[in-house]
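K.L.:
Sharing a structure below in structure tokens format, with a few things to ask.
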Amino acid sequence: MTRLDNLRKALLCFGLLLFCAPMVWGARQTANGLSTPEQFKDDFQNVLCKDKERLGAVKILFEKMGAEASDITVEKKRGVENVVIRKPGTAEGIIVVGAHYDKAGDGCGAVDNWTGIVAIAHVYRSLKKMSLNKTVLFMAFGAEEMGLVGSRGMASAINKEEVSRYCAMINIDSLGLSVPQAADNMSTPKLLGLAEELAKEMKMPFGHSAIDGANSDSSAFIERKIPAITIHGMTDDWRKILHSINDQASKVNPTSVYLGYRLVLALVSRLDTVACDAYRR
């Protein structure tokens, strides 16, 4: 059994713990302003399979999570439309939480990467009414599958003098198949260590993997010397699903998406309390 197979088994065991008493979990999480595992199930009932419809679906999802239409902007960079929602902080520093909304292949892009869009939308929902020190920019990138075009456009638009204000970028790409993992080849070392530390504190199964031949939007920010990490939830047979007709909502395990959301929420919460350069290389 491979390491990723072991992680998939851990996801099943952890999922049973989550769903064995849904009423208790739901009541507690709603009281704390957190989304529930059941809500993640609902968000995969209807995944739009046409690429041209997905940008509009991103805006609708964030409105469902409490964003006003006026809070949602579309910024065009390098000919690509990126959706941006800004949550202002009370002090200096910026944290980017991102995922790409485009898809590749003949499937519905449910795993790659509607899972990421759903996760960052729920992070927005949980943080919306909280007072934070740092500004959080929620970014849904276009044309990731064409070579990180949307994220590179956004990252390259940051003035050199402004780069130091960007404390970290957290990217979610392809949850849904296994427990949250860090893509080591798309992440900076100190943020990798922080993710592992937080998962251990939360008693959450967590893993590391380097995905050969793959890349994601965190790399666009690493190129600008901004600390970044990609969180995914794939297994060894990801090539049979991603970028193929098999990438359908039926392949998504909502528990995997929920755990990714909880880990990213913990990352933002920790980063909000420390100096902006705390996790810089």
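Simple scheme: letters A, B, ... for chains in structure tokens order, numbers from 1 for residues in each chain, numbers from 1 for ligands in the order shown.
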List as a CSV table (one decimal) with N, CA and C atoms, in the first residue's frame the protein and nucleic acid residues near A:Lys103, meaning an atom at most 10 Å away when only C-alpha atoms are counted, but skip any in the same chain fewer than 2 places from it.

P.N.:
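Result written to around_23.csv:
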```
chain,number,residue,atom,x,y,z
A,49,CYS,N,-20.3,22.3,-15.9
A,49,CYS,CA,-19.3,21.6,-16.7
A,49,CYS,C,-18.7,22.4,-17.8
A,50,LYS,N,-19.3,23.5,-18.2
A,50,LYS,CA,-18.9,24.3,-19.3
A,50,LYS,C,-18.0,25.4,-18.7
A,51,ASP,N,-16.8,25.5,-19.2
A,51,ASP,CA,-15.8,26.4,-18.7
A,51,ASP,C,-16.3,27.9,-18.8
A,52,LYS,N,-17.0,28.3,-19.8
A,52,LYS,CA,-17.5,29.6,-19.9
A,52,LYS,C,-18.5,30.0,-18.9
A,54,ARG,N,-18.2,29.1,-15.6
A,54,ARG,CA,-17.7,29.0,-14.3
A,54,ARG,C,-17.4,30.3,-13.6
A,100,HIS,N,-8.0,28.1,-8.6
A,100,HIS,CA,-8.4,28.4,-10.0
A,100,HIS,C,-9.8,27.8,-10.3
A,101,TYR,N,-10.5,28.6,-11.1
A,101,TYR,CA,-11.9,28.1,-11.4
A,101,TYR,C,-12.0,27.5,-12.8
A,105,GLY,N,-9.9,19.3,-20.1
A,105,GLY,CA,-10.5,18.0,-20.4
A,105,GLY,C,-12.0,18.1,-20.6
A,106,ASP,N,-12.6,16.9,-20.8
A,106,ASP,CA,-14.0,16.7,-21.1
A,106,ASP,C,-14.9,16.6,-19.9
A,107,GLY,N,-14.3,16.5,-18.7
A,107,GLY,CA,-15.1,16.3,-17.5
A,107,GLY,C,-15.6,17.6,-17.0
A,108,CYS,N,-16.1,17.6,-15.8
A,108,CYS,CA,-16.7,18.8,-15.2
A,108,CYS,C,-15.8,19.6,-14.3
A,109,GLY,N,-14.5,19.1,-14.2
A,109,GLY,CA,-13.6,19.9,-13.3
A,109,GLY,C,-14.1,20.0,-11.9
A,110,ALA,N,-14.7,18.9,-11.4
A,110,ALA,CA,-15.3,18.9,-10.0
A,110,ALA,C,-14.1,18.8,-9.0
A,111,VAL,N,-13.2,17.9,-9.2
A,111,VAL,CA,-12.0,17.8,-8.4
A,111,VAL,C,-11.1,18.9,-8.7
A,112,ASP,N,-10.8,19.1,-10.0
A,112,ASP,CA,-9.8,20.1,-10.4
A,112,ASP,C,-10.5,21.2,-11.2
A,113,ASN,N,-11.0,22.3,-10.6
A,113,ASN,CA,-10.7,22.6,-9.3
A,113,ASN,C,-11.9,23.2,-8.6
A,114,TRP,N,-13.1,22.7,-8.9
A,114,TRP,CA,-14.2,23.3,-8.1
A,114,TRP,C,-14.1,23.0,-6.6
A,142,GLY,N,-8.3,32.5,-13.4
A,142,GLY,CA,-8.7,31.9,-14.6
A,142,GLY,C,-7.4,31.4,-15.3
A,143,ALA,N,-7.6,30.5,-16.3
A,143,ALA,CA,-6.5,30.0,-17.2
A,143,ALA,C,-5.3,29.4,-16.4
A,144,GLU,N,-5.5,28.8,-15.3
A,144,GLU,CA,-4.4,28.1,-14.6
A,144,GLU,C,-4.0,26.9,-15.5
A,145,GLU,N,-5.0,26.3,-16.1
A,145,GLU,CA,-4.6,25.1,-16.9
A,145,GLU,C,-3.9,25.5,-18.2
A,146,MET,N,-3.8,26.7,-18.5
A,146,MET,CA,-3.1,27.2,-19.7
A,146,MET,C,-1.7,27.7,-19.4
A,242,LEU,N,-8.2,13.6,-13.1
A,242,LEU,CA,-8.0,14.9,-13.5
A,242,LEU,C,-7.8,15.1,-15.0
A,243,HIS,N,-8.3,16.1,-15.6
A,243,HIS,CA,-8.2,16.4,-17.0
A,243,HIS,C,-8.8,15.3,-17.9
A,244,SER,N,-9.8,14.7,-17.4
A,244,SER,CA,-10.4,13.6,-18.1
A,244,SER,C,-11.9,13.7,-17.9
A,247,ASP,N,-13.5,13.4,-14.3
A,247,ASP,CA,-13.5,14.4,-13.3
A,247,ASP,C,-15.0,14.9,-13.1
```

K.L.:
Check which residues of stretch 21-83 of chain A sit at most 9 Å from stretch 152-156 of chain A using only C-alpha atoms, and return one row each with the closest pair of atoms and their distance in Å to one decimal, ordered by chain and rising number, as a tab-separated table.

P.N.:
```
residue	atom	partner	partner_atom	distance
A:Glu75	CA	A:Met154	CA	8.5
A:Lys76	CA	A:Gly153	CA	8.4
A:Lys77	CA	A:Gly153	CA	5.0
A:Arg78	CA	A:Gly153	CA	5.8
A:Gly79	CA	A:Gly153	CA	8.8
A:Val80	CA	A:Gly153	CA	8.0
A:Asn82	CA	A:Met154	CA	8.2
```

K.L.:
Selection from above, N, CA and C atoms, as a compact mmCIF listing (two decimals), in the first residue's frame, can you write it?

P.N.:
```txt
# COMPACT_ATOMS: atom_id res chain seq x y z
N GLU A 75 -10.99 41.27 -12.20
CA GLU A 75 -9.81 41.97 -12.68
C GLU A 75 -9.23 41.21 -13.87
N LYS A 76 -9.06 41.90 -14.97
CA LYS A 76 -8.54 41.27 -16.18
C LYS A 76 -7.04 41.51 -16.27
N LYS A 77 -6.28 40.42 -16.27
CA LYS A 77 -4.83 40.49 -16.38
C LYS A 77 -4.39 39.52 -17.47
N ARG A 78 -3.58 40.02 -18.38
CA ARG A 78 -3.07 39.21 -19.48
C ARG A 78 -4.20 38.54 -20.26
N GLY A 79 -5.31 39.26 -20.38
CA GLY A 79 -6.45 38.75 -21.12
C GLY A 79 -7.30 37.74 -20.38
N VAL A 80 -7.01 37.53 -19.10
CA VAL A 80 -7.73 36.52 -18.29
C VAL A 80 -8.48 37.21 -17.17
N ASN A 82 -9.97 37.29 -13.51
CA ASN A 82 -9.82 36.74 -12.16
C ASN A 82 -10.85 37.39 -11.24
```

K.L.:
Assign secondary structure with DSSP using the backbone only, and return the residues of stretch 93-217 of chain A in strand (DSSP E) as a ChimeraX atom specification.

P.N.:
/A:94-100,135-141,166-172,181-183,207-209

K.L.:
Would you mind exporting C-alpha atoms of the selected residues as a PDB file, in the first residue's frame?

P.N.:
```pdb
ATOM      1  CA  ILE A  94      -1.899  40.938   3.009  1.00  0.00           C
ATOM      2  CA  ILE A  95      -2.730  37.227   2.822  1.00  0.00           C
ATOM      3  CA  VAL A  96      -3.892  35.777  -0.498  1.00  0.00           C
ATOM      4  CA  VAL A  97      -6.218  32.763  -0.486  1.00  0.00           C
ATOM      5  CA  GLY A  98      -6.655  31.432  -3.991  1.00  0.00           C
ATOM      6  CA  ALA A  99      -7.867  28.668  -6.280  1.00  0.00           C
ATOM      7  CA  HIS A 100      -8.381  28.391 -10.025  1.00  0.00           C
ATOM      8  CA  THR A 135      -6.218  42.099   4.720  1.00  0.00           C
ATOM      9  CA  VAL A 136      -7.259  38.835   3.061  1.00  0.00           C
ATOM     10  CA  LEU A 137      -7.613  38.743  -0.722  1.00  0.00           C
ATOM     11  CA  PHE A 138      -9.716  35.870  -2.016  1.00  0.00           C
ATOM     12  CA  MET A 139      -8.743  35.203  -5.628  1.00  0.00           C
ATOM     13  CA  ALA A 140     -10.336  32.828  -8.123  1.00  0.00           C
ATOM     14  CA  PHE A 141      -7.887  32.539 -11.001  1.00  0.00           C
ATOM     15  CA  TYR A 166       2.269  40.235   0.899  1.00  0.00           C
ATOM     16  CA  CYS A 167       2.806  37.926   3.862  1.00  0.00           C
ATOM     17  CA  ALA A 168       1.717  34.638   2.278  1.00  0.00           C
ATOM     18  CA  MET A 169      -0.295  33.013  -0.489  1.00  0.00           C
ATOM     19  CA  ILE A 170      -2.371  29.887   0.243  1.00  0.00           C
ATOM     20  CA  ASN A 171      -3.493  27.977  -2.827  1.00  0.00           C
ATOM     21  CA  ILE A 172      -6.012  25.134  -2.983  1.00  0.00           C
ATOM     22  CA  GLN A 181      -1.566  17.291   1.641  1.00  0.00           C
ATOM     23  CA  ALA A 182       1.037  19.895   0.834  1.00  0.00           C
ATOM     24  CA  ALA A 183       2.533  19.890  -2.640  1.00  0.00           C
ATOM     25  CA  GLY A 207       0.636  14.365   4.199  1.00  0.00           C
ATOM     26  CA  HIS A 208       3.343  15.626   1.876  1.00  0.00           C
ATOM     27  CA  SER A 209       3.838  14.820  -1.779  1.00  0.00           C
TER      28      SER A 209
END
```

K.L.:
Taking only C-alpha atoms into account, name the residue in A:Ser70, A:Asn159, A:Thr188, A:Thr115 that is nearest to A:Tyr258.

P.N.:
A:Thr115

K.L.:
Using only C-alpha atoms, find the one residue out of A:Ser250, A:Lys128, A:Glu38, A:Ile72 that sits nearest to A:Ile60.

P.N.:
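Closest candidate: A:Ile72.
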
K.L.:
Output as a PyMOL selection string all residues of stretch 34-124 of chain A that backbone DSSP marks as helix (DSSP H, G or I).

P.N.:
chain A and resi 37-42+51-64+69-71+110-124

K.L.:
Quick one: of A:Val123, A:Asp277, A:Ser151, A:Leu61, who's nearest to A:Leu34, counting only C-alpha atoms?

P.N.:
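Nearest candidate to A:Leu34 out of A:Val123, A:Asp277, A:Ser151, A:Leu61: A:Val123.
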
K.L.:
Point out the residue among A:Asp217, A:Pro180, A:Glu161, A:Gln248 with the least atom-to-atom distance to A:Ala199, counting only C-alpha atoms.

P.N.:
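Looking at the shortest contact to A:Ala199, the residue is A:Pro180.
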
K.L.:
Considering only C-alpha atoms, can you say which of A:Leu265, A:Val58, A:Thr36, A:Gly150 comes closest to A:Phe221?

P.N.:
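Smallest separation from A:Phe221 among the options: A:Gly150.
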